[in-house]
file target26.txt (compact mmCIF, N, CA and C atoms)
# COMPACT_ATOMS: atom_id res chain seq x y z
N MET A 1 -4.04 -18.31 -28.98
CA MET A 1 -4.93 -19.47 -28.98
C MET A 1 -4.25 -20.64 -28.28
N ASP A 2 -5.05 -21.45 -27.65
CA ASP A 2 -4.53 -22.66 -27.03
C ASP A 2 -4.38 -23.74 -28.07
N SER A 3 -3.60 -24.74 -27.74
CA SER A 3 -3.42 -25.88 -28.62
C SER A 3 -4.75 -26.59 -28.84
N ILE A 4 -4.91 -27.18 -30.00
CA ILE A 4 -6.13 -27.92 -30.32
C ILE A 4 -6.28 -29.12 -29.40
N ILE A 5 -5.18 -29.81 -29.19
CA ILE A 5 -5.20 -31.00 -28.34
C ILE A 5 -4.39 -30.69 -27.09
N GLY A 6 -5.05 -30.74 -25.94
CA GLY A 6 -4.39 -30.47 -24.68
C GLY A 6 -3.49 -31.62 -24.25
N MET A 7 -2.77 -31.40 -23.18
CA MET A 7 -1.82 -32.40 -22.68
C MET A 7 -2.52 -33.71 -22.34
N HIS A 8 -3.71 -33.63 -21.75
CA HIS A 8 -4.45 -34.84 -21.38
C HIS A 8 -4.75 -35.69 -22.63
N GLU A 9 -5.22 -35.06 -23.67
CA GLU A 9 -5.53 -35.79 -24.89
C GLU A 9 -4.27 -36.36 -25.53
N GLN A 10 -3.16 -35.63 -25.45
CA GLN A 10 -1.91 -36.12 -26.01
C GLN A 10 -1.51 -37.41 -25.32
N MET A 11 -1.67 -37.44 -24.00
CA MET A 11 -1.29 -38.63 -23.24
C MET A 11 -2.23 -39.79 -23.58
N GLU A 12 -3.51 -39.49 -23.81
CA GLU A 12 -4.46 -40.54 -24.19
C GLU A 12 -4.06 -41.17 -25.51
N PHE A 13 -3.64 -40.34 -26.47
CA PHE A 13 -3.23 -40.85 -27.77
C PHE A 13 -1.91 -41.60 -27.67
N GLY A 14 -1.13 -41.32 -26.63
CA GLY A 14 0.17 -41.95 -26.49
C GLY A 14 1.11 -41.57 -27.62
N SER A 15 0.92 -40.37 -28.11
CA SER A 15 1.67 -39.93 -29.28
C SER A 15 2.93 -39.17 -28.88
N THR A 16 3.96 -39.36 -29.66
CA THR A 16 5.18 -38.58 -29.51
C THR A 16 4.98 -37.24 -30.21
N PRO A 17 5.80 -36.26 -29.91
CA PRO A 17 5.70 -35.00 -30.65
C PRO A 17 5.85 -35.21 -32.17
N GLU A 18 6.72 -36.14 -32.56
CA GLU A 18 6.89 -36.42 -33.98
C GLU A 18 5.62 -37.01 -34.58
N GLY A 19 4.95 -37.87 -33.84
CA GLY A 19 3.69 -38.45 -34.29
C GLY A 19 2.61 -37.40 -34.42
N GLN A 20 2.54 -36.51 -33.44
CA GLN A 20 1.57 -35.42 -33.50
C GLN A 20 1.85 -34.52 -34.70
N LEU A 21 3.12 -34.21 -34.92
CA LEU A 21 3.49 -33.34 -36.02
C LEU A 21 3.07 -33.97 -37.35
N ALA A 22 3.30 -35.24 -37.51
CA ALA A 22 2.90 -35.93 -38.75
C ALA A 22 1.38 -35.86 -38.93
N ARG A 23 0.64 -36.07 -37.84
CA ARG A 23 -0.82 -36.03 -37.91
C ARG A 23 -1.32 -34.62 -38.25
N TYR A 24 -0.73 -33.61 -37.62
CA TYR A 24 -1.13 -32.22 -37.89
C TYR A 24 -0.81 -31.83 -39.33
N ARG A 25 0.36 -32.25 -39.81
CA ARG A 25 0.72 -31.92 -41.20
C ARG A 25 -0.24 -32.59 -42.19
N ALA A 26 -0.65 -33.81 -41.90
CA ALA A 26 -1.61 -34.50 -42.78
C ALA A 26 -2.95 -33.77 -42.78
N CYS A 27 -3.38 -33.33 -41.61
CA CYS A 27 -4.64 -32.56 -41.53
C CYS A 27 -4.53 -31.26 -42.32
N LEU A 28 -3.43 -30.56 -42.11
CA LEU A 28 -3.23 -29.29 -42.80
C LEU A 28 -3.22 -29.49 -44.31
N LYS A 29 -2.56 -30.54 -44.76
CA LYS A 29 -2.51 -30.83 -46.20
C LYS A 29 -3.91 -31.07 -46.76
N ALA A 30 -4.72 -31.81 -46.02
CA ALA A 30 -6.10 -32.07 -46.48
C ALA A 30 -6.90 -30.77 -46.56
N PHE A 31 -6.77 -29.92 -45.55
CA PHE A 31 -7.49 -28.65 -45.58
C PHE A 31 -7.01 -27.78 -46.74
N GLU A 32 -5.69 -27.75 -46.98
CA GLU A 32 -5.15 -26.94 -48.07
C GLU A 32 -5.62 -27.45 -49.43
N GLN A 33 -5.73 -28.76 -49.59
CA GLN A 33 -6.23 -29.32 -50.85
C GLN A 33 -7.67 -28.89 -51.11
N MET A 34 -8.44 -28.72 -50.03
CA MET A 34 -9.82 -28.27 -50.17
C MET A 34 -9.91 -26.74 -50.22
N GLN A 35 -8.77 -26.08 -50.10
CA GLN A 35 -8.69 -24.62 -50.05
C GLN A 35 -9.60 -24.06 -48.96
N TYR A 36 -9.52 -24.71 -47.81
CA TYR A 36 -10.35 -24.34 -46.66
C TYR A 36 -9.49 -23.73 -45.58
N THR A 37 -9.96 -22.65 -45.00
CA THR A 37 -9.25 -22.05 -43.88
C THR A 37 -10.24 -21.42 -42.91
N ASP A 38 -9.94 -21.53 -41.64
CA ASP A 38 -10.69 -20.89 -40.57
C ASP A 38 -9.80 -20.86 -39.34
N ASN A 39 -10.35 -20.51 -38.20
CA ASN A 39 -9.54 -20.43 -36.98
C ASN A 39 -8.93 -21.78 -36.60
N TYR A 40 -9.64 -22.86 -36.86
CA TYR A 40 -9.14 -24.19 -36.56
C TYR A 40 -7.87 -24.49 -37.37
N VAL A 41 -7.90 -24.15 -38.65
CA VAL A 41 -6.74 -24.38 -39.52
C VAL A 41 -5.58 -23.48 -39.07
N LEU A 42 -5.87 -22.26 -38.70
CA LEU A 42 -4.82 -21.37 -38.19
C LEU A 42 -4.20 -21.94 -36.92
N GLN A 43 -5.01 -22.54 -36.08
CA GLN A 43 -4.49 -23.14 -34.85
C GLN A 43 -3.61 -24.35 -35.16
N ILE A 44 -3.99 -25.12 -36.17
CA ILE A 44 -3.16 -26.26 -36.59
C ILE A 44 -1.78 -25.75 -37.02
N LYS A 45 -1.77 -24.66 -37.77
CA LYS A 45 -0.49 -24.09 -38.22
C LYS A 45 0.36 -23.64 -37.04
N GLU A 46 -0.28 -23.01 -36.05
CA GLU A 46 0.45 -22.58 -34.85
C GLU A 46 1.00 -23.79 -34.09
N ASP A 47 0.19 -24.83 -33.97
CA ASP A 47 0.63 -26.02 -33.25
C ASP A 47 1.77 -26.72 -33.99
N ILE A 48 1.75 -26.69 -35.29
CA ILE A 48 2.85 -27.27 -36.08
C ILE A 48 4.15 -26.54 -35.76
N LYS A 49 4.10 -25.21 -35.72
CA LYS A 49 5.30 -24.43 -35.40
C LYS A 49 5.82 -24.77 -34.00
N LYS A 50 4.89 -24.87 -33.03
CA LYS A 50 5.28 -25.21 -31.66
C LYS A 50 5.92 -26.59 -31.59
N LEU A 51 5.34 -27.54 -32.30
CA LEU A 51 5.88 -28.89 -32.29
C LEU A 51 7.26 -28.94 -32.95
N GLU A 52 7.41 -28.20 -34.05
CA GLU A 52 8.71 -28.16 -34.72
C GLU A 52 9.79 -27.60 -33.78
N LEU A 53 9.44 -26.54 -33.05
CA LEU A 53 10.39 -25.97 -32.08
C LEU A 53 10.70 -26.95 -30.96
N LEU A 54 9.67 -27.63 -30.46
CA LEU A 54 9.85 -28.61 -29.40
C LEU A 54 10.78 -29.74 -29.85
N ILE A 55 10.55 -30.24 -31.04
CA ILE A 55 11.36 -31.34 -31.57
C ILE A 55 12.79 -30.88 -31.81
N ALA A 56 12.94 -29.67 -32.35
CA ALA A 56 14.29 -29.14 -32.60
C ALA A 56 15.05 -28.97 -31.29
N SER A 57 14.38 -28.43 -30.27
CA SER A 57 15.06 -28.22 -28.99
C SER A 57 15.38 -29.56 -28.32
N SER A 58 14.51 -30.55 -28.50
CA SER A 58 14.76 -31.88 -27.93
C SER A 58 15.97 -32.53 -28.60
N SER A 59 16.05 -32.40 -29.91
CA SER A 59 17.17 -33.01 -30.60
C SER A 59 18.48 -32.28 -30.31
N GLU A 60 18.41 -30.97 -30.08
CA GLU A 60 19.61 -30.21 -29.72
C GLU A 60 20.11 -30.63 -28.35
N SER A 61 19.20 -30.80 -27.40
CA SER A 61 19.62 -31.20 -26.06
C SER A 61 20.14 -32.63 -26.05
N ALA A 62 19.59 -33.48 -26.90
CA ALA A 62 20.07 -34.85 -26.99
C ALA A 62 21.48 -34.89 -27.59
N THR A 63 21.75 -33.98 -28.52
CA THR A 63 23.08 -33.90 -29.13
C THR A 63 24.10 -33.40 -28.11
N VAL A 64 23.70 -32.44 -27.30
CA VAL A 64 24.60 -31.88 -26.29
C VAL A 64 24.91 -32.91 -25.21
N ASP A 65 23.94 -33.74 -24.86
CA ASP A 65 24.12 -34.75 -23.83
C ASP A 65 25.07 -35.87 -24.23
N CYS A 66 25.26 -36.07 -25.51
CA CYS A 66 26.08 -37.19 -25.97
C CYS A 66 27.53 -36.98 -25.76
call {"tool": "encode", "arguments": {"input": "target26.txt", "output": "structure tokens"}}
result
Amino acid sequence: MDSIIGMHEQMEFGSTPEGQLARYRACLKAFEQMQYTDNYVLQIKEDIKKLELLIASSSESATVDC
């Protein structure tokens, strides 16, 4: 599946990966509280994993550069 929010929309929001991750986690939490799941929720979970990897790799490269 593709990401819920494409690169164009990300740039419109002016959001950092950390900001996106926080927003996605809040959405996922709301859906979980309602005990709701569908393909959209599954995509949110996939996007969270991708963002976590992106942030981890960014912080690793920043540590190496120092």
call {"tool": "atom_distance", "arguments": {"input": "target26.txt", "atom1": "atom N of Asp47 (chain A)", "atom2": "atom N of Gly19 (chain A)"}}
result
13.9 Å
call {"tool": "closest_residue", "arguments": {"input": "target26.txt", "among": "A:Glu32, A:Asp38, A:Arg25, A:Pro17", "to": "Ser57 (chain A)", "atoms": "only C-alpha atoms"}}
result
A:Pro17
call {"tool": "atom_distance", "arguments": {"input": "target26.txt", "atom1": "atom C of Ile44 (chain A)", "atom2": "atom C of Ala62 (chain A)"}}
result
26.7 Å
call {"tool": "residues_around", "arguments": {"input": "target26.txt", "residues": "Phe31 (chain A)", "least_positions_apart": "4", "cutoff": "12 Å", "atoms": "only C-alpha atoms", "output": "count of residues only"}}
result
13
call {"tool": "atom_distance", "arguments": {"input": "target26.txt", "atom1": "atom C of Gln20 (chain A)", "atom2": "CA of Ile48 (chain A)"}}
result
7.4 Å
call {"tool": "build_atoms", "arguments": {"input": "target26.txt", "residues": "region 22-33 of chain A", "atoms": "all heavy atoms", "output": "PDB file, in the frame of the given file"}}
result
ATOM      1  N   ALA A  22       3.300 -35.240 -37.510  1.00  0.00           N
ATOM      2  CA  ALA A  22       2.900 -35.930 -38.750  1.00  0.00           C
ATOM      3  C   ALA A  22       1.380 -35.860 -38.930  1.00  0.00           C
ATOM      4  O   ALA A  22       0.895 -35.602 -40.041  1.00  0.00           O
ATOM      5  CB  ALA A  22       3.361 -37.378 -38.716  1.00  0.00           C
ATOM      6  N   ARG A  23       0.640 -36.070 -37.840  1.00  0.00           N
ATOM      7  CA  ARG A  23      -0.820 -36.030 -37.910  1.00  0.00           C
ATOM      8  C   ARG A  23      -1.320 -34.620 -38.250  1.00  0.00           C
ATOM      9  O   ARG A  23      -2.190 -34.431 -39.091  1.00  0.00           O
ATOM     10  CB  ARG A  23      -1.414 -36.501 -36.577  1.00  0.00           C
ATOM     11  CG  ARG A  23      -2.827 -36.964 -36.665  1.00  0.00           C
ATOM     12  CD  ARG A  23      -3.315 -37.696 -35.424  1.00  0.00           C
ATOM     13  NE  ARG A  23      -3.068 -36.993 -34.179  1.00  0.00           N
ATOM     14  CZ  ARG A  23      -2.212 -37.397 -33.237  1.00  0.00           C
ATOM     15  NH1 ARG A  23      -1.524 -38.501 -33.387  1.00  0.00           N
ATOM     16  NH2 ARG A  23      -2.037 -36.696 -32.141  1.00  0.00           N
ATOM     17  N   TYR A  24      -0.730 -33.610 -37.620  1.00  0.00           N
ATOM     18  CA  TYR A  24      -1.130 -32.220 -37.890  1.00  0.00           C
ATOM     19  C   TYR A  24      -0.810 -31.830 -39.330  1.00  0.00           C
ATOM     20  O   TYR A  24      -1.594 -31.161 -39.986  1.00  0.00           O
ATOM     21  CB  TYR A  24      -0.408 -31.270 -36.941  1.00  0.00           C
ATOM     22  CG  TYR A  24      -1.011 -31.171 -35.561  1.00  0.00           C
ATOM     23  CD1 TYR A  24      -1.758 -32.207 -34.998  1.00  0.00           C
ATOM     24  CD2 TYR A  24      -0.838 -30.035 -34.789  1.00  0.00           C
ATOM     25  CE1 TYR A  24      -2.294 -32.107 -33.731  1.00  0.00           C
ATOM     26  CE2 TYR A  24      -1.371 -29.921 -33.516  1.00  0.00           C
ATOM     27  CZ  TYR A  24      -2.101 -30.966 -32.996  1.00  0.00           C
ATOM     28  OH  TYR A  24      -2.636 -30.854 -31.744  1.00  0.00           O
ATOM     29  N   ARG A  25       0.360 -32.250 -39.810  1.00  0.00           N
ATOM     30  CA  ARG A  25       0.720 -31.920 -41.200  1.00  0.00           C
ATOM     31  C   ARG A  25      -0.240 -32.590 -42.190  1.00  0.00           C
ATOM     32  O   ARG A  25      -0.594 -31.981 -43.206  1.00  0.00           O
ATOM     33  CB  ARG A  25       2.159 -32.354 -41.490  1.00  0.00           C
ATOM     34  CG  ARG A  25       3.176 -31.423 -40.885  1.00  0.00           C
ATOM     35  CD  ARG A  25       4.586 -31.868 -41.173  1.00  0.00           C
ATOM     36  NE  ARG A  25       5.556 -30.895 -40.723  1.00  0.00           N
ATOM     37  CZ  ARG A  25       6.833 -31.158 -40.526  1.00  0.00           C
ATOM     38  NH1 ARG A  25       7.299 -32.373 -40.744  1.00  0.00           N
ATOM     39  NH2 ARG A  25       7.653 -30.212 -40.107  1.00  0.00           N
ATOM     40  N   ALA A  26      -0.650 -33.810 -41.900  1.00  0.00           N
ATOM     41  CA  ALA A  26      -1.610 -34.500 -42.780  1.00  0.00           C
ATOM     42  C   ALA A  26      -2.950 -33.770 -42.780  1.00  0.00           C
ATOM     43  O   ALA A  26      -3.568 -33.600 -43.848  1.00  0.00           O
ATOM     44  CB  ALA A  26      -1.784 -35.950 -42.327  1.00  0.00           C
ATOM     45  N   CYS A  27      -3.380 -33.330 -41.610  1.00  0.00           N
ATOM     46  CA  CYS A  27      -4.640 -32.560 -41.530  1.00  0.00           C
ATOM     47  C   CYS A  27      -4.530 -31.260 -42.320  1.00  0.00           C
ATOM     48  O   CYS A  27      -5.430 -30.911 -43.075  1.00  0.00           O
ATOM     49  CB  CYS A  27      -4.990 -32.247 -40.083  1.00  0.00           C
ATOM     50  SG  CYS A  27      -5.521 -33.657 -39.123  1.00  0.00           S
ATOM     51  N   LEU A  28      -3.430 -30.560 -42.110  1.00  0.00           N
ATOM     52  CA  LEU A  28      -3.230 -29.290 -42.800  1.00  0.00           C
ATOM     53  C   LEU A  28      -3.220 -29.490 -44.310  1.00  0.00           C
ATOM     54  O   LEU A  28      -3.832 -28.720 -45.056  1.00  0.00           O
ATOM     55  CB  LEU A  28      -1.934 -28.626 -42.337  1.00  0.00           C
ATOM     56  CG  LEU A  28      -1.642 -27.255 -42.929  1.00  0.00           C
ATOM     57  CD1 LEU A  28      -2.756 -26.268 -42.616  1.00  0.00           C
ATOM     58  CD2 LEU A  28      -0.303 -26.738 -42.415  1.00  0.00           C
ATOM     59  N   LYS A  29      -2.560 -30.540 -44.760  1.00  0.00           N
ATOM     60  CA  LYS A  29      -2.510 -30.830 -46.200  1.00  0.00           C
ATOM     61  C   LYS A  29      -3.910 -31.070 -46.760  1.00  0.00           C
ATOM     62  O   LYS A  29      -4.258 -30.553 -47.825  1.00  0.00           O
ATOM     63  CB  LYS A  29      -1.627 -32.055 -46.458  1.00  0.00           C
ATOM     64  CG  LYS A  29      -1.473 -32.392 -47.918  1.00  0.00           C
ATOM     65  CD  LYS A  29      -0.559 -33.589 -48.117  1.00  0.00           C
ATOM     66  CE  LYS A  29      -0.468 -33.950 -49.589  1.00  0.00           C
ATOM     67  NZ  LYS A  29       0.386 -35.117 -49.800  1.00  0.00           N
ATOM     68  N   ALA A  30      -4.720 -31.810 -46.020  1.00  0.00           N
ATOM     69  CA  ALA A  30      -6.100 -32.070 -46.480  1.00  0.00           C
ATOM     70  C   ALA A  30      -6.900 -30.770 -46.560  1.00  0.00           C
ATOM     71  O   ALA A  30      -7.615 -30.548 -47.548  1.00  0.00           O
ATOM     72  CB  ALA A  30      -6.780 -33.055 -45.531  1.00  0.00           C
ATOM     73  N   PHE A  31      -6.770 -29.920 -45.550  1.00  0.00           N
ATOM     74  CA  PHE A  31      -7.490 -28.650 -45.580  1.00  0.00           C
ATOM     75  C   PHE A  31      -7.010 -27.780 -46.740  1.00  0.00           C
ATOM     76  O   PHE A  31      -7.810 -27.112 -47.401  1.00  0.00           O
ATOM     77  CB  PHE A  31      -7.331 -27.893 -44.260  1.00  0.00           C
ATOM     78  CG  PHE A  31      -8.189 -28.436 -43.152  1.00  0.00           C
ATOM     79  CD1 PHE A  31      -7.616 -28.815 -41.951  1.00  0.00           C
ATOM     80  CD2 PHE A  31      -9.562 -28.547 -43.295  1.00  0.00           C
ATOM     81  CE1 PHE A  31      -8.394 -29.305 -40.911  1.00  0.00           C
ATOM     82  CE2 PHE A  31     -10.356 -29.028 -42.275  1.00  0.00           C
ATOM     83  CZ  PHE A  31      -9.768 -29.413 -41.075  1.00  0.00           C
ATOM     84  N   GLU A  32      -5.690 -27.750 -46.980  1.00  0.00           N
ATOM     85  CA  GLU A  32      -5.150 -26.940 -48.070  1.00  0.00           C
ATOM     86  C   GLU A  32      -5.620 -27.450 -49.430  1.00  0.00           C
ATOM     87  O   GLU A  32      -5.899 -26.655 -50.326  1.00  0.00           O
ATOM     88  CB  GLU A  32      -3.623 -26.917 -48.002  1.00  0.00           C
ATOM     89  CG  GLU A  32      -3.111 -26.055 -46.854  1.00  0.00           C
ATOM     90  CD  GLU A  32      -1.614 -26.092 -46.689  1.00  0.00           C
ATOM     91  OE1 GLU A  32      -0.946 -27.010 -47.235  1.00  0.00           O
ATOM     92  OE2 GLU A  32      -1.083 -25.205 -45.979  1.00  0.00           O
ATOM     93  N   GLN A  33      -5.730 -28.760 -49.590  1.00  0.00           N
ATOM     94  CA  GLN A  33      -6.230 -29.320 -50.850  1.00  0.00           C
ATOM     95  C   GLN A  33      -7.670 -28.890 -51.110  1.00  0.00           C
ATOM     96  O   GLN A  33      -8.071 -28.725 -52.259  1.00  0.00           O
ATOM     97  CB  GLN A  33      -6.108 -30.845 -50.852  1.00  0.00           C
ATOM     98  CG  GLN A  33      -4.686 -31.327 -50.972  1.00  0.00           C
ATOM     99  CD  GLN A  33      -4.568 -32.835 -50.816  1.00  0.00           C
ATOM    100  OE1 GLN A  33      -5.456 -33.507 -50.301  1.00  0.00           O
ATOM    101  NE2 GLN A  33      -3.428 -33.373 -51.254  1.00  0.00           N
TER     102      GLN A  33
END
